[in-house]
Structures are given as C-alpha cells and as structure tokens.
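K.L.:
Just query05.txt, nothing more (compact mmCIF, C-alpha atoms):
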# COMPACT_ATOMS: atom_id res chain seq x y z
CA MET A 1 35.11 -34.63 -1.16
CA VAL A 2 34.75 -32.59 -4.35
CA PRO A 3 34.51 -34.89 -7.42
CA ALA A 4 36.90 -34.55 -10.32
CA PRO A 5 35.83 -31.94 -12.92
CA GLY A 6 35.04 -34.54 -15.62
CA ASP A 7 33.14 -36.98 -13.39
CA THR A 8 29.54 -36.08 -14.39
CA ASP A 9 27.90 -38.96 -12.49
CA ALA A 10 29.46 -37.92 -9.22
CA TRP A 11 28.44 -34.30 -9.84
CA ASP A 12 24.86 -35.39 -10.62
CA ALA A 13 24.66 -37.44 -7.44
CA ARG A 14 26.00 -34.50 -5.49
CA ARG A 15 23.47 -32.18 -7.09
CA GLU A 16 20.61 -34.56 -6.33
CA LYS A 17 21.65 -34.84 -2.71
CA LEU A 18 21.79 -31.06 -2.41
CA GLY A 19 18.38 -30.73 -4.08
CA ALA A 20 16.81 -33.19 -1.66
CA LYS A 21 18.34 -31.35 1.27
CA LEU A 22 17.03 -28.03 -0.05
CA ALA A 23 13.51 -29.40 -0.57
CA GLU A 24 13.48 -30.75 2.97
CA HIS A 25 14.63 -27.40 4.29
CA ARG A 26 12.00 -25.53 2.30
CA ALA A 27 9.22 -27.81 3.54
CA ARG A 28 10.33 -27.21 7.11
CA ASN A 29 10.38 -23.45 6.58
CA ALA A 30 6.92 -23.54 5.03
CA SER A 31 5.43 -25.48 7.92
CA GLN A 32 7.07 -23.05 10.34
CA ALA A 33 5.49 -20.12 8.52
CA GLN A 34 2.14 -21.92 8.56
CA LYS A 35 2.40 -22.34 12.32
CA GLU A 36 3.19 -18.67 12.82
CA ARG A 37 0.19 -17.64 10.77
CA SER A 38 -2.24 -19.88 12.66
CA PRO A 39 -5.07 -18.20 14.60
CA GLY A 40 -4.74 -17.57 18.31
CA THR A 41 -1.50 -15.64 18.00
CA THR A 42 -1.08 -11.93 18.57
CA GLN A 43 -1.57 -11.48 14.82
CA GLY A 44 -5.17 -12.53 15.44
CA ILE A 45 -5.58 -9.97 18.21
CA ALA A 46 -4.28 -7.24 15.92
CA GLU A 47 -6.66 -8.33 13.17
CA GLY A 48 -9.59 -8.34 15.60
CA LEU A 49 -8.77 -4.87 16.89
CA LYS A 50 -8.47 -3.63 13.34
CA LEU A 51 -11.91 -4.91 12.37
CA ALA A 52 -13.50 -3.66 15.59
CA SER A 53 -12.11 -0.17 15.11
CA GLU A 54 -13.30 -0.07 11.49
CA PHE A 55 -16.82 -1.03 12.55
CA VAL A 56 -16.95 1.46 15.42
CA ALA A 57 -15.52 4.25 13.27
CA GLY A 58 -18.38 3.89 10.79
CA ILE A 59 -20.99 4.24 13.54
CA ILE A 60 -19.18 7.18 15.18
CA VAL A 61 -18.92 9.09 11.92
CA GLY A 62 -22.56 8.33 11.07
CA ALA A 63 -23.71 9.55 14.48
CA ALA A 64 -21.55 12.69 14.19
CA ILE A 65 -23.01 13.56 10.78
CA GLY A 66 -26.56 12.94 12.01
CA TYR A 67 -26.01 15.06 15.11
CA GLY A 68 -24.51 17.85 13.01
CA ILE A 69 -27.47 17.84 10.62
CA ASP A 70 -29.87 17.91 13.56
CA GLN A 71 -28.06 20.87 15.10
CA LEU A 72 -28.22 22.77 11.81
CA ALA A 73 -31.77 21.89 10.79
CA GLY A 74 -33.35 21.54 14.24
CA THR A 75 -34.83 18.10 13.54
CA MET A 76 -33.45 16.61 16.69
CA PRO A 77 -33.89 12.85 16.78
CA PHE A 78 -34.47 12.07 13.10
CA GLY A 79 -31.12 12.91 11.53
CA LEU A 80 -29.39 11.01 14.30
CA ILE A 81 -31.62 7.96 13.79
CA VAL A 82 -31.19 7.89 10.02
CA PHE A 83 -27.46 8.50 10.02
CA LEU A 84 -26.83 6.03 12.85
CA MET A 85 -28.33 3.37 10.59
CA ILE A 86 -26.29 4.56 7.62
CA GLY A 87 -23.21 4.61 9.85
CA PHE A 88 -23.97 1.04 10.91
CA ALA A 89 -24.19 0.01 7.27
CA ALA A 90 -20.93 1.84 6.55
CA GLY A 91 -19.28 0.04 9.48
CA VAL A 92 -20.43 -3.34 8.17
CA LYS A 93 -19.19 -2.37 4.70
CA ASN A 94 -15.81 -1.36 6.17
CA VAL A 95 -15.45 -4.72 7.90
CA LEU A 96 -16.54 -6.68 4.82
CA SER A 97 -14.22 -4.85 2.45
CA SER A 98 -11.26 -5.23 4.80
CA VAL A 99 -11.89 -8.97 5.22
CA SER A 100 -12.55 -9.87 1.59
CA PRO A 101 -9.38 -10.53 -0.43
CA LYS A 102 -8.41 -7.61 -2.63
CA PRO A 103 -7.74 -8.17 -6.33
CA SER A 104 -4.23 -7.13 -7.23
CA PRO A 105 -4.15 -3.72 -8.94
CA LEU A 106 -1.50 -5.07 -11.31
CA ALA A 107 -3.73 -7.86 -12.57
CA LYS A 108 -6.68 -5.67 -13.54
CA ALA A 109 -4.99 -2.37 -14.33
CA PRO A 110 -6.77 -1.08 -17.45
CA PRO A 111 -4.36 -0.45 -20.33
CA VAL A 112 -6.21 2.75 -21.30
CA THR A 113 -4.93 5.01 -18.53
CA LYS A 114 -1.90 7.11 -19.27
CA ASP A 115 0.48 5.91 -16.57
CA ALA A 116 -0.42 2.25 -16.97
CA SER A 117 0.51 2.13 -20.64
CA ARG A 118 4.19 2.53 -19.81
CA ASP A 119 4.58 -0.65 -17.79
CA ASN A 120 2.15 -2.60 -19.96
CA GLY A 121 3.90 -1.96 -23.26
CA GLU A 122 7.23 -3.43 -22.31
CA ASN A 123 6.20 -6.45 -20.33
CA ARG A 124 3.83 -8.03 -22.81
CA MET B 1 -2.14 17.27 43.84
CA ALA B 2 0.64 15.07 45.12
CA TYR B 3 2.54 13.08 42.53
CA ASP B 4 1.74 9.39 42.77
CA PRO B 5 4.52 7.23 41.29
CA THR B 6 2.06 4.49 40.31
CA ASP B 7 -0.37 6.81 38.53
CA PRO B 8 -0.83 5.18 35.09
CA ILE B 9 -1.99 8.37 33.38
CA HIS B 10 0.82 10.65 34.50
CA GLN B 11 3.09 9.50 31.67
CA PHE B 12 0.80 11.09 29.07
CA GLN B 13 0.88 14.56 30.60
CA ILE B 14 2.04 17.36 28.32
CA ASN B 15 4.56 19.75 29.85
CA ARG B 16 5.67 23.04 28.38
CA ILE B 17 9.43 23.04 28.05
CA VAL B 18 9.77 26.39 26.29
CA PRO B 19 6.56 28.42 26.70
CA ILE B 20 5.80 30.43 23.56
CA ARG B 21 2.66 32.51 23.11
CA ILE B 22 1.71 34.27 19.90
CA GLY B 23 -1.43 36.30 20.37
CA ASP B 24 -4.09 33.99 21.76
CA TRP B 25 -2.39 30.81 20.61
CA ASP B 26 -0.13 28.61 22.63
CA PHE B 27 2.85 27.57 20.51
CA SER B 28 4.86 26.18 23.42
CA PHE B 29 7.58 23.67 22.76
CA THR B 30 6.28 20.72 24.78
CA ASN B 31 7.68 17.32 25.69
CA SER B 32 5.51 15.92 22.88
CA ALA B 33 7.14 18.28 20.39
CA LEU B 34 10.57 17.42 21.78
CA PHE B 35 10.01 13.73 21.15
CA MET B 36 8.66 14.35 17.67
CA VAL B 37 11.82 16.29 16.86
CA LEU B 38 13.91 13.53 18.43
CA THR B 39 12.06 10.89 16.40
CA VAL B 40 12.68 12.69 13.13
CA ALA B 41 16.30 13.47 14.03
CA VAL B 42 17.12 9.91 15.08
CA THR B 43 15.41 8.41 12.01
CA ALA B 44 17.13 10.79 9.60
CA ALA B 45 20.52 10.38 11.28
CA PHE B 46 20.23 6.59 11.29
CA LEU B 47 19.20 6.40 7.64
CA TYR B 48 21.90 8.86 6.63
CA TYR B 49 24.79 7.27 8.49
CA THR B 50 23.94 3.69 7.61
CA THR B 51 23.72 4.41 3.89
CA ARG B 52 26.71 6.74 3.77
CA GLY B 53 29.18 3.92 3.06
CA ARG B 54 27.10 2.61 0.11
CA GLY B 55 28.85 -0.74 0.42
CA LEU B 56 28.20 -3.34 -2.26
CA VAL B 57 28.32 -5.82 0.60
CA PRO B 58 26.17 -3.97 3.13
CA SER B 59 27.24 -3.47 6.70
CA ARG B 60 24.84 -4.41 9.49
CA GLY B 61 23.33 -0.93 9.66
CA GLN B 62 23.02 -0.70 5.90
CA SER B 63 21.21 -4.06 5.79
CA ILE B 64 18.65 -2.78 8.29
CA THR B 65 18.02 0.29 6.16
CA GLU B 66 17.87 -1.73 2.93
CA LEU B 67 15.47 -4.26 4.47
CA THR B 68 13.18 -1.48 5.67
CA TYR B 69 13.31 0.12 2.23
CA GLU B 70 12.48 -3.10 0.40
CA PHE B 71 9.78 -4.01 2.92
CA THR B 72 8.01 -0.69 2.43
CA ALA B 73 8.52 -0.72 -1.34
CA ASN B 74 7.01 -4.21 -1.65
CA MET B 75 4.10 -3.25 0.58
CA LEU B 76 3.34 -0.22 -1.58
CA ARG B 77 3.78 -2.13 -4.86
CA ASP B 78 1.46 -4.91 -3.69
CA ALA B 79 -1.26 -2.50 -2.61
CA ALA B 80 -1.10 0.24 -5.24
CA GLY B 81 0.91 -1.17 -8.15
CA THR B 82 3.91 0.44 -9.84
CA ALA B 83 1.96 3.68 -10.30
CA GLY B 84 1.93 3.98 -6.52
CA MET B 85 5.70 4.12 -6.28
CA LYS B 86 5.67 7.91 -6.65
CA PHE B 87 4.22 7.97 -3.15
CA PHE B 88 7.07 5.92 -1.76
CA PRO B 89 8.77 8.83 0.10
CA PHE B 90 5.46 9.71 1.72
CA VAL B 91 4.64 6.17 2.84
CA PHE B 92 8.20 5.49 3.97
CA SER B 93 8.29 8.71 6.04
CA ILE B 94 4.99 7.89 7.72
CA PHE B 95 6.03 4.30 8.40
CA MET B 96 9.41 5.28 9.85
CA PHE B 97 7.97 8.11 11.93
CA ILE B 98 5.31 5.94 13.55
CA LEU B 99 7.65 2.99 14.01
CA VAL B 100 10.38 5.04 15.66
CA ALA B 101 7.90 7.06 17.73
CA ASN B 102 6.28 3.83 18.97
CA LEU B 103 9.62 2.27 19.78
CA PHE B 104 10.77 5.45 21.53
CA GLY B 105 7.74 5.07 23.76
CA MET B 106 9.15 1.76 25.00
CA PHE B 107 12.04 3.52 26.77
CA PRO B 108 11.30 4.22 30.45
CA TYR B 109 10.61 7.92 31.13
CA PHE B 110 10.20 8.63 27.42
CA PHE B 111 7.08 10.28 26.08
CA THR B 112 4.98 8.30 23.57
CA VAL B 113 4.04 10.72 20.82
CA THR B 114 1.54 8.34 19.18
CA SER B 115 -0.44 7.89 22.42
CA HIS B 116 -2.14 11.24 21.79
CA LEU B 117 -5.18 11.19 19.55
CA ILE B 118 -4.46 14.58 18.02
CA VAL B 119 -1.08 13.39 16.71
CA THR B 120 -2.42 10.22 15.11
CA PHE B 121 -5.44 12.10 13.78
CA ALA B 122 -3.18 14.70 12.18
CA LEU B 123 -1.24 11.86 10.51
CA ALA B 124 -4.48 10.24 9.30
CA MET B 125 -5.78 13.56 7.96
CA LEU B 126 -2.48 14.08 6.15
CA VAL B 127 -3.00 10.72 4.42
CA MET B 128 -6.59 11.63 3.58
CA ALA B 129 -5.57 15.06 2.27
CA VAL B 130 -3.02 13.42 -0.02
CA VAL B 131 -5.58 10.85 -1.23
CA VAL B 132 -8.30 13.40 -1.93
CA GLY B 133 -5.90 16.01 -3.32
CA TYR B 134 -4.16 13.58 -5.67
CA GLY B 135 -7.45 11.94 -6.65
CA PHE B 136 -8.97 15.26 -7.69
CA THR B 137 -5.93 16.64 -9.51
CA LYS B 138 -5.38 13.39 -11.38
CA HIS B 139 -8.93 12.27 -12.14
CA GLY B 140 -11.01 15.41 -11.59
CA LEU B 141 -14.67 14.58 -11.09
CA LYS B 142 -14.01 10.95 -12.04
CA PHE B 143 -12.65 10.60 -8.51
CA PHE B 144 -16.28 10.40 -7.38
CA LYS B 145 -16.50 7.01 -9.10
CA LEU B 146 -14.93 5.78 -5.87
CA PHE B 147 -18.31 6.25 -4.23
CA VAL B 148 -20.34 4.61 -7.01
CA PRO B 149 -19.88 0.83 -7.03
CA GLU B 150 -20.68 -1.05 -10.22
CA GLY B 151 -23.76 -3.19 -10.69
CA VAL B 152 -26.08 -1.48 -8.23
CA PRO B 153 -29.73 -0.98 -9.30
CA GLY B 154 -30.60 2.68 -9.82
CA ILE B 155 -33.20 2.88 -7.10
CA LEU B 156 -30.70 1.83 -4.44
CA MET B 157 -27.99 4.14 -5.74
CA PRO B 158 -28.54 7.17 -3.43
CA LEU B 159 -28.48 4.98 -0.34
CA VAL B 160 -25.40 3.06 -1.45
CA VAL B 161 -23.56 6.26 -2.34
CA LEU B 162 -24.43 7.71 1.07
CA ILE B 163 -23.09 4.60 2.78
CA GLU B 164 -19.92 4.72 0.70
CA VAL B 165 -19.38 8.37 1.60
CA VAL B 166 -19.82 7.70 5.32
CA SER B 167 -17.51 4.70 4.98
CA PHE B 168 -14.91 6.91 3.31
CA LEU B 169 -15.24 9.56 6.03
CA SER B 170 -14.81 6.94 8.72
CA ARG B 171 -11.37 5.98 7.41
CA PRO B 172 -9.34 8.72 9.12
CA VAL B 173 -11.24 8.03 12.34
CA SER B 174 -10.52 4.31 12.35
CA LEU B 175 -6.95 4.88 11.19
CA SER B 176 -6.11 7.33 13.97
CA VAL B 177 -8.15 5.76 16.77
CA ARG B 178 -6.61 2.34 16.18
CA LEU B 179 -3.01 3.55 16.53
CA PHE B 180 -3.80 5.86 19.44
CA ALA B 181 -5.88 3.29 21.35
CA ASN B 182 -3.30 0.55 20.95
CA MET B 183 -0.46 2.70 22.23
CA LEU B 184 -2.50 4.25 25.06
CA ALA B 185 -3.96 0.96 26.27
CA GLY B 186 -0.62 -0.85 26.08
CA HIS B 187 1.22 1.79 28.06
CA ILE B 188 -1.50 2.05 30.70
CA THR B 189 -1.55 -1.75 31.14
CA LEU B 190 2.22 -1.83 31.52
CA LYS B 191 2.12 0.94 34.10
CA VAL B 192 -0.76 -0.63 36.07
CA PHE B 193 1.01 -3.98 36.36
CA ALA B 194 4.28 -2.27 37.25
CA GLY B 195 2.36 -0.30 39.87
CA PHE B 196 1.12 -3.58 41.41
CA ILE B 197 4.75 -4.55 42.05
CA VAL B 198 5.39 -1.32 43.92
CA SER B 199 2.21 -1.49 46.00
CA LEU B 200 2.52 -5.21 46.78
CA SER B 201 6.14 -5.00 47.91
CA ALA B 202 5.07 -2.49 50.56
CA PHE B 203 3.39 -5.39 52.43
CA GLY B 204 6.60 -7.02 53.65
CA ALA B 205 8.05 -10.40 52.71
CA LEU B 206 4.78 -11.99 51.60
CA GLY B 207 4.02 -9.00 49.40
CA ILE B 208 7.43 -9.16 47.75
CA LEU B 209 6.88 -12.86 47.07
CA GLY B 210 3.46 -12.09 45.62
CA SER B 211 4.81 -9.31 43.41
CA ILE B 212 6.65 -11.91 41.33
CA LEU B 213 3.41 -12.57 39.46
CA PRO B 214 2.88 -9.02 38.20
CA LEU B 215 6.59 -8.84 37.45
CA LEU B 216 6.28 -11.85 35.11
CA MET B 217 3.25 -10.15 33.57
CA VAL B 218 5.21 -6.94 32.99
CA VAL B 219 8.01 -8.87 31.27
CA ALA B 220 5.51 -10.59 28.98
CA LEU B 221 3.65 -7.34 28.31
CA THR B 222 6.86 -5.55 27.40
CA ALA B 223 7.52 -8.13 24.71
CA LEU B 224 3.93 -7.78 23.50
CA GLU B 225 4.24 -4.01 23.43
CA PHE B 226 7.31 -4.19 21.19
CA LEU B 227 5.30 -6.37 18.82
CA VAL B 228 2.33 -3.98 18.93
CA ALA B 229 4.61 -1.00 18.28
CA ALA B 230 5.93 -2.56 15.08
CA LEU B 231 2.58 -4.05 14.06
CA GLN B 232 0.64 -0.80 14.40
CA ALA B 233 3.20 1.10 12.32
CA TYR B 234 2.84 -1.63 9.69
CA VAL B 235 -0.97 -1.54 9.78
CA PHE B 236 -0.99 2.25 9.42
CA ALA B 237 1.37 2.07 6.45
CA VAL B 238 -0.54 -0.76 4.75
CA LEU B 239 -3.84 1.11 5.03
CA THR B 240 -2.16 4.26 3.73
CA CYS B 241 -1.09 2.25 0.68
CA MET B 242 -4.62 0.93 0.16
CA TYR B 243 -6.15 4.40 0.38
CA LEU B 244 -3.54 5.71 -2.06
CA ASN B 245 -4.56 2.88 -4.38
CA ASP B 246 -8.11 4.29 -4.28
CA ALA B 247 -6.77 7.68 -5.31
CA ILE B 248 -4.69 6.21 -8.15
CA HIS B 249 -7.33 3.82 -9.47
CA PRO B 250 -10.78 5.11 -8.47
CA GLY B 251 -13.80 3.23 -9.73
CA HIS B 252 -12.70 -0.29 -8.76
Starting from the coordinates I provided, produce the structure as structure tokens.
P.N.:
Amino acid sequence: MVPAPGDTDAWDARREKLGAKLAEHRARNASQAQKERSPGTTQGIAEGLKLASEFVAGIIVGAAIGYGIDQLAGTMPFGLIVFLMIGFAAGVKNVLSSVSPKPSPLAKAPPVTKDASRDNGENR
Amino acid sequence: MAYDPTDPIHQFQINRIVPIRIGDWDFSFTNSALFMVLTVAVTAAFLYYTTRGRGLVPSRGQSITELTYEFTANMLRDAAGTAGMKFFPFVFSIFMFILVANLFGMFPYFFTVTSHLIVTFALAMLVMAVVVGYGFTKHGLKFFKLFVPEGVPGILMPLVVLIEVVSFLSRPVSLSVRLFANMLAGHITLKVFAGFIVSLSAFGALGILGSILPLLMVVALTALEFLVAALQAYVFAVLTCMYLNDAIHPGH
C-alpha cells in the first residue's frame, strides 16, 4: 500500500486523498457542532434562566436599597418607587450587557498599563 | 411530625452531626459541612493522585485533570486576558468545588451543598470581595471608572452612575440565586416525580402500570440534572472570570 520512497506522484496522490478525507470529516464535525448549538436545546434553557435571573436580581437589589433608604429616612413610599425604577433600569442593563458580544480584552488592551507591556513587547 | 418518604423538601434539611456551641453561636458540624469537607477532600485527592504519575503520555485520570485545567485556563484567558491568569487558582478552585458539590448532589441520599442560598451567596460574595479588593489595590480610585461609561452626556451622568452601581450590586445576587435556584428546583422536581411512582404503585396493578410514565420522566430528568450540574458550575466560573476582568481592566 505504501508507495516507494522516491515515487513523488504516488505520495502526492496519497496526500490529496487524505486531505479530501480530512476536509470531509471537518465539514461533518462543523455541521454537528452547529446542530448542537441550535436553539431549543437545554443550552437555550440555561441561557434563558441566566438572563431572567440577571433581570430579577437588578429589581430585587433596587427594591432593597429603596426600602433601606426609606427605613433610615422615613420617606416611606418614595425611595422604594425611585429605586425600583433604577433597579428596573439596572436589570435591563444587566440583560443587555450579558447578551451583547464582549470585545476581547486581548484585542483592546492598552499598551500603557504596566502588566500589559510585558506581553505586548514580545509579540509584536 | 411523621417522616413522609415522598416529602420533596426533606432532603434539604440540615442536621447537626457534632453539636458545637461557642457562646451564643452555633458552630455545629452539620451534614452540609460534612459534604463540603467531602467535596474538598475528594477533589483534592483526585487531582493529587491523577497528576502524581506526571506521565508524558497521560493516563485516563491524568487526561481528565489536564482537560479540566486547560478548559478553565482557556475560559479565564478568553474572558480576562493573560493578566487574569494570576487568578487561575481561585477560579479553578471555585469551578471544581461547585462542579463536584453539584455532582455529589446527584447521588441518592447525599446532601446537595449548593442547594442552600447561604452557601452560594458566600461563594458569590467571595468573588465580589476579590474583585473589589483587587480593583482597589491595583487601580485605587480609578476602579470607580467601572461605574462611569464613556460618551454619556453630563446631565445624565448621575442617573447612569446610579444605575451602574445598582447593576454592580445585583451581580452577587444573580450569581448566587441562579446556582441555588437551579439546584433546588432540579432536586425538588426529581423528588416529586419519584414520589409519584411510590404513590401510584400503591393503587394496585393499574397504578404500577401508570407509574411507568413518571419513571420515564425521572430517568430523563436525571440526565438533565447531570447537565445542569455541570452547566451551572461552568456559568458560575465564566461570570467569575468576567467580573475579574472588570477588576483588572476597569473603565471599559
């Protein structure tokens, strides 16, 4: 099966065949991964729970701060009203920032900071 | 109160194994504490024994440990950059503790440490303490840039800063409640469906036939719970990395 050491054409053909096989395999793997990432799987449930908890946490913390201020200052409904709204905004902000794609810290690391200069100097 | 074998809440009860009282405080060694110790001991023993051989060609156990290491290291590097790697021991400990504690909860008759809010909240506060502590020692007052986004008109600034502060304060809450709620809800659901089998099979032959349905459900839920156990540990660790990134690079 193995071609003779000097027979370059046979080696090339063999390499091409292997390359085609590999490409086919890679394509199949990629489509498999695509299928696993599709919505409707448990990954989606986890994502939904994550976003829901972030939203609720903002409102709970806002309400808690408002209630605390009211207890201290004796302005019963107003602190709660104001901070519930701020908590709502914070919850929305939490959800938005966890959904929007994050820029990689490596790509925009400023070269001025002390610890960043070490890995910038050698790689560029 | 008589003990009901199908009671879904009974599994979360805390029992004192070794009662200890110091002054007014209760320092008893409980079943929760026992399983925390077991979690740490099993994790440490596993990591130690699998890496003891230091084979160039890893054994099965060593591959598991190496894969976990690389997985966590990549997660941290993606979220916080190379500067974040000094927090690797911290993130890896948290990830392994939650993962093993969650998986321990899948054994029948075992106690699920992470199904108690105070445990997950303590973990979340530990993360927050590290983020705030490191942020202040490293950047001083510049750490507050985290709360001041760029490109906001001056008149809106106080409101936006207030929202950012509340959003920051809500992080430990969402971090701890998510892990706790997932574990609690999953274990209660499992127990409720398992309880259906017991109650239905008390109704004779027809009941036993009918209990096949909840049995199938329990099998499916067990698989789902294993997934949730791993997924929640991963989510906790990923968010820890992101918050550490805020401490390392505040202001963007």
K.L.:
Give me, as a VMD selection string, the residues of chain A touching chain B, with the criterion being at most 7 Å (counting all atoms listed in the file).
P.N.:
chain A and resid 50 53 to 54 57 to 58 61 to 62 86 to 87 89 to 91 94 105 to 106 115
K.L.:
Taking C-alpha atoms for each residue, export the selection above as a tab-separated table (two decimals), keeping the file's coordinate frame.
P.N.:
chain	number	residue	atom	x	y	z
A	50	LYS	CA	-8.47	-3.63	13.34
A	53	SER	CA	-12.11	-0.17	15.11
A	54	GLU	CA	-13.30	-0.07	11.49
A	57	ALA	CA	-15.52	4.25	13.27
A	58	GLY	CA	-18.38	3.89	10.79
A	61	VAL	CA	-18.92	9.09	11.92
A	62	GLY	CA	-22.56	8.33	11.07
A	86	ILE	CA	-26.29	4.56	7.62
A	87	GLY	CA	-23.21	4.61	9.85
A	89	ALA	CA	-24.19	0.01	7.27
A	90	ALA	CA	-20.93	1.84	6.55
A	91	GLY	CA	-19.28	0.04	9.48
A	94	ASN	CA	-15.81	-1.36	6.17
A	105	PRO	CA	-4.15	-3.72	-8.94
A	106	LEU	CA	-1.50	-5.07	-11.31
A	115	ASP	CA	0.48	5.91	-16.57
K.L.:
So which one's closest to Asp246 of chain B, B:Val127, B:Leu56, B:Val40, B:Leu103? Using only C-alpha atoms, please.
P.N.:
B:Val127
K.L.:
Please indicate the distance in Å from atom CA of Gly79 of chain A to atom CA of Gly66 of chain A, rounded to one decimal place.
P.N.:
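Value for the atom CA of Gly79 of chain A-atom CA of Gly66 of chain A distance: 4.6 Å.
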K.L.:
With distances taken over all atoms listed in the file, which of B:Phe87, B:Phe180, B:Phe136, B:Phe226 is nearest to Ile118 of chain B?
P.N.:
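Closest to Ile118 of chain B, using all atoms listed in the file: B:Phe180.
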K.L.:
Just how far from atom CA of Leu96 of chain A is atom CA of Val56 of chain A, in Å to one decimal?
P.N.:
13.4 Å
K.L.:
Under the rule that all atoms listed in the file are counted, which of B:His10, B:Val131, B:Ala44, B:Ile22 is the nearest residue to Leu244 of chain B?
P.N.:
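The answer is B:Val131, which sits nearest to Leu244 of chain B.
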K.L.:
Work out how far atom CA of Glu150 of chain B is from atom CA of Met85 of chain B, in Å to one decimal.
P.N.:
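So the answer is 27.2 Å.
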K.L.:
Extract, using all atoms listed in the file, all DNA, RNA and protein residues at most 12 Å from Phe78 of chain A, discarding same-chain residues fewer than 4 positions from it, and format them as a list in words.
P.N.:
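The residues satisfying every condition are Ala63, Ile65, Gly66, Tyr67, Gly68, Ile69, Asp70, Gln71, Ala73, Gly74, Val82, Phe83, Leu84 and Met85 of chain A.
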K.L.:
Using only C-alpha atoms, find all polymer residues with an atom at most 12 Å away from the point (-3.7, 0.5, 26.1); report them as a list in words.
P.N.:
Leu49 of chain A; Pro8, Ile9, Phe12, Thr112, Thr114, Ser115, His116, Val177, Arg178, Leu179, Phe180, Ala181, Asn182, Met183, Leu184, Ala185, Gly186, His187, Ile188, Thr189, Leu190, Lys191, Val192, Leu221, Leu224, Glu225, Val228 and Ala229 of chain B
K.L.:
Please, what is the axis-aligned box for every listed atom of segment 190-205 of chain B with 8 Å on each side, as centre and edge lengths in Å to one decimal, as JSON?
P.N.:
{"center_x": 3.6, "center_y": -4.7, "center_z": 42.6, "size_x": 24.8, "size_y": 27.3, "size_z": 38.1}
K.L.:
When you look at Phe95 of chain B with a cut-off of 10 Å (counting only C-alpha atoms), what residues show up, excluding the ones that are within fewer than 3 positions of it in the same chain? I need them as a list in words.
P.N.:
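Residues near the query, excluding close chain neighbours: Thr68, Thr72, Pro89, Phe90, Val91, Phe92, Ile98, Leu99, Val100, Ala101, Ala230, Gln232, Ala233, Tyr234, Val235, Phe236, Ala237, Val238 and Thr240 of chain B.
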